Each structure stands twice: as structure tokens, then as C-alpha cells.
Amino acid sequence: MLLRDATEADFGAIEAIYAHWVDHGSASFELVAPARDEIARRHAEVGARGLPWLVAEQGGRVLGYAYANWFRPRPAYRFALESSVYVAPGMQRGGIARLLMVELMTRCELAGARQMIAVIGDSGNAPSIALHRSLGFQHAGTLQAVGWKFERWLDVVLMQRALGRADRSPPTVSAP
């Protein structure tokens, strides 16, 4: 399995993976999957902030992707990043998400990030919660019934993991 930076050539695969989970899952609260131009815009935003967007590739096929972006848009949040990770349908529980997340956290730490936040759609998403817990994320809270999708109310589970020196010192870089 090759983990590498996502490129424009990957946008079609990323679009398809994400569209599946928007249409069939509650990990994302989007109701309509974004088109390739929106994927490109999001990718550019992440890149402009010096943050990673990774893909996992095997045999020339993109099997998953992960990226980080500011947790909130205001600049004071720039050292706290929100992670996103998605795996192609049928490829779950094969270790792809774990590999992507480990590499993502490593790259974010090298970029100067101090906190990684997982915003997990649906408190019933046990596999995602377990993955994050196994990677050292701790439960930071649950926002109850904040999303309406598939004719039901959904919670959001917040999990958090310190990166690098966390809050033990001021940042040493201007911004990730």
C-alpha cells in the first residue's frame, strides 16, 4: 500500500468514495455529495494552509483518503486541526484508515499542529470511534441530535488527541 499526497488525478476517486458515504452513511452530514470542482476547491484550501491531503493507493487504485484542515475558520484555531478519513466501500476494517490517520497525524505534527480533533458523525459509528480511541484520541463530548439525515436525528461525537508538545509550549512555527 502506497500512502502519498493526493493530486488532481485522484479527485475522481475521492469524489466517488465520498459520494458513497454521503449517500449511504452518517459519517458525513452533507446531504448531497460535492462534485469534483468542490473537491478541487477543498483540496486547494487544505494545500494553501500547508496541510496534508493523503491517499492510500494499491495497484493503481485509490482505496481511501485523509486530510486535515483548521478545526474552525478563525486564525486562532490554526494549531487545532480537524481530521477526515474515508475508505472505499468494501475496504473497511482492513487497516487503511489506521495507516492514513497515523501518517496524517505525523505530517500535521511536523507542520506545527498541536491538537487533532475528530468530529464523528453519528454516535452509533462504533468503528470510527474505536479507530480514533485506538490512536489515542479521547472523548471530548457529544453534541446530541444536531444533524437530521435519513429521517432521523444524529449526534456528533468529538474526540481529541494532542500532537507534539501540545499545550506545553508556544508554537514554533507561524501556522500550519
# chains A, B, ... in the order shown; residues from 1 in each chain; ligands from 1
call {"tool": "residues_around", "arguments": {"residues": "Glu30 in chain A", "least_positions_apart": "2", "cutoff": "12 Å", "atoms": "only C-alpha atoms", "output": "list of chain:residue names"}}
result
A:Tyr18, A:Ala19, A:His20, A:Trp21, A:Val22, A:Asp23, A:His24, A:Gly25, A:Ser26, A:Ala27, A:Ser28, A:Val32, A:Ala33, A:Pro34, A:Gly121, A:Gly147, A:Trp148, A:Lys149, A:Phe150
call {"tool": "select_by_dssp", "arguments": {"residues": "chain A", "states": "strand (DSSP E or B)", "output": "PyMOL selection string"}}
result
chain A and resi 2-5+53-58+61-70+80-87+115-121+138-149+152-162
call {"tool": "write_last_selection", "arguments": {"atoms": "C-alpha atoms", "output": "PDB file, in the first residue's frame"}}
result
ATOM      1  CA  LEU A   2       1.325   3.376  -1.011  1.00  0.00           C
ATOM      2  CA  LEU A   3       0.441   6.451   1.041  1.00  0.00           C
ATOM      3  CA  ARG A   4       1.054   9.646  -0.892  1.00  0.00           C
ATOM      4  CA  ASP A   5      -0.111  13.207  -1.385  1.00  0.00           C
ATOM      5  CA  TRP A  53      -4.333  15.552   1.965  1.00  0.00           C
ATOM      6  CA  LEU A  54      -3.311  11.931   1.518  1.00  0.00           C
ATOM      7  CA  VAL A  55      -4.497   8.952  -0.473  1.00  0.00           C
ATOM      8  CA  ALA A  56      -3.896   5.255   0.057  1.00  0.00           C
ATOM      9  CA  GLU A  57      -3.260   3.544  -3.244  1.00  0.00           C
ATOM     10  CA  GLN A  58      -2.804  -0.100  -4.114  1.00  0.00           C
ATOM     11  CA  ARG A  61      -6.491   2.189  -7.228  1.00  0.00           C
ATOM     12  CA  VAL A  62      -7.250   4.796  -4.561  1.00  0.00           C
ATOM     13  CA  LEU A  63      -8.646   2.886  -1.587  1.00  0.00           C
ATOM     14  CA  GLY A  64      -9.060   5.768   0.816  1.00  0.00           C
ATOM     15  CA  TYR A  65      -8.086   9.294   1.672  1.00  0.00           C
ATOM     16  CA  ALA A  66      -7.493  11.512   4.671  1.00  0.00           C
ATOM     17  CA  TYR A  67      -6.881  15.189   5.185  1.00  0.00           C
ATOM     18  CA  ALA A  68      -6.731  17.802   7.899  1.00  0.00           C
ATOM     19  CA  ASN A  69      -7.990  21.343   7.953  1.00  0.00           C
ATOM     20  CA  TRP A  70      -8.421  24.027  10.571  1.00  0.00           C
ATOM     21  CA  ALA A  80      -6.077  22.675  16.189  1.00  0.00           C
ATOM     22  CA  LEU A  81      -6.914  20.598  13.147  1.00  0.00           C
ATOM     23  CA  GLU A  82      -9.950  18.533  12.240  1.00  0.00           C
ATOM     24  CA  SER A  83      -9.222  15.211  10.600  1.00  0.00           C
ATOM     25  CA  SER A  84     -11.277  13.490   7.920  1.00  0.00           C
ATOM     26  CA  VAL A  85     -10.746   9.934   6.740  1.00  0.00           C
ATOM     27  CA  TYR A  86     -12.788   7.856   4.292  1.00  0.00           C
ATOM     28  CA  VAL A  87     -12.207   4.402   2.851  1.00  0.00           C
ATOM     29  CA  GLN A 115      -4.261  19.191  18.555  1.00  0.00           C
ATOM     30  CA  MET A 116      -6.161  16.827  16.261  1.00  0.00           C
ATOM     31  CA  ILE A 117      -9.929  16.767  16.559  1.00  0.00           C
ATOM     32  CA  ALA A 118     -12.209  14.095  15.176  1.00  0.00           C
ATOM     33  CA  VAL A 119     -15.771  15.221  14.505  1.00  0.00           C
ATOM     34  CA  ILE A 120     -17.516  11.879  14.145  1.00  0.00           C
ATOM     35  CA  GLY A 121     -20.972  11.890  12.633  1.00  0.00           C
ATOM     36  CA  GLN A 138     -10.085  10.808  23.939  1.00  0.00           C
ATOM     37  CA  HIS A 139     -13.773  11.559  24.109  1.00  0.00           C
ATOM     38  CA  ALA A 140     -14.226  15.334  24.366  1.00  0.00           C
ATOM     39  CA  GLY A 141     -18.009  15.494  24.167  1.00  0.00           C
ATOM     40  CA  THR A 142     -21.172  14.582  22.336  1.00  0.00           C
ATOM     41  CA  LEU A 143     -23.436  17.063  20.632  1.00  0.00           C
ATOM     42  CA  GLN A 144     -26.819  15.410  20.746  1.00  0.00           C
ATOM     43  CA  ALA A 145     -29.306  15.443  17.897  1.00  0.00           C
ATOM     44  CA  VAL A 146     -27.564  18.200  15.913  1.00  0.00           C
ATOM     45  CA  GLY A 147     -27.930  16.607  12.484  1.00  0.00           C
ATOM     46  CA  TRP A 148     -31.021  15.485  10.576  1.00  0.00           C
ATOM     47  CA  LYS A 149     -30.290  12.885   7.909  1.00  0.00           C
ATOM     48  CA  ARG A 152     -33.511  10.647  11.978  1.00  0.00           C
ATOM     49  CA  TRP A 153     -31.596  12.831  14.411  1.00  0.00           C
ATOM     50  CA  LEU A 154     -27.872  12.223  14.607  1.00  0.00           C
ATOM     51  CA  ASP A 155     -25.327  13.057  17.278  1.00  0.00           C
ATOM     52  CA  VAL A 156     -21.781  14.270  16.722  1.00  0.00           C
ATOM     53  CA  VAL A 157     -19.018  12.740  18.814  1.00  0.00           C
ATOM     54  CA  LEU A 158     -15.990  14.933  19.419  1.00  0.00           C
ATOM     55  CA  MET A 159     -12.670  13.228  20.114  1.00  0.00           C
ATOM     56  CA  GLN A 160      -9.321  14.916  20.624  1.00  0.00           C
ATOM     57  CA  ARG A 161      -5.653  13.927  20.575  1.00  0.00           C
ATOM     58  CA  ALA A 162      -2.644  16.035  21.465  1.00  0.00           C
TER      59      ALA A 162
END
call {"tool": "residues_around", "arguments": {"residues": "range 9-14 of chain A", "least_positions_apart": "2", "cutoff": "7 Å", "atoms": "only C-alpha atoms", "output": "PyMOL selection string"}}
result
chain A and resi 6-7+16-18+36+39-40+62
call {"tool": "closest_residue", "arguments": {"among": "A:Val46, A:Ala111, A:Leu51, A:Leu131", "to": "Gly95 in chain A", "atoms": "only C-alpha atoms"}}
result
A:Leu131
call {"tool": "select_by_dssp", "arguments": {"residues": "range 8-132 of chain A", "states": "alpha helix (DSSP H)", "output": "PyMOL selection string"}}
result
chain A and resi 11-24+36-48+96-110+126-132
call {"tool": "atom_distance", "arguments": {"atom1": "CA of Pro75 in chain A", "atom2": "CA of Arg133 in chain A"}}
result
27.6 Å
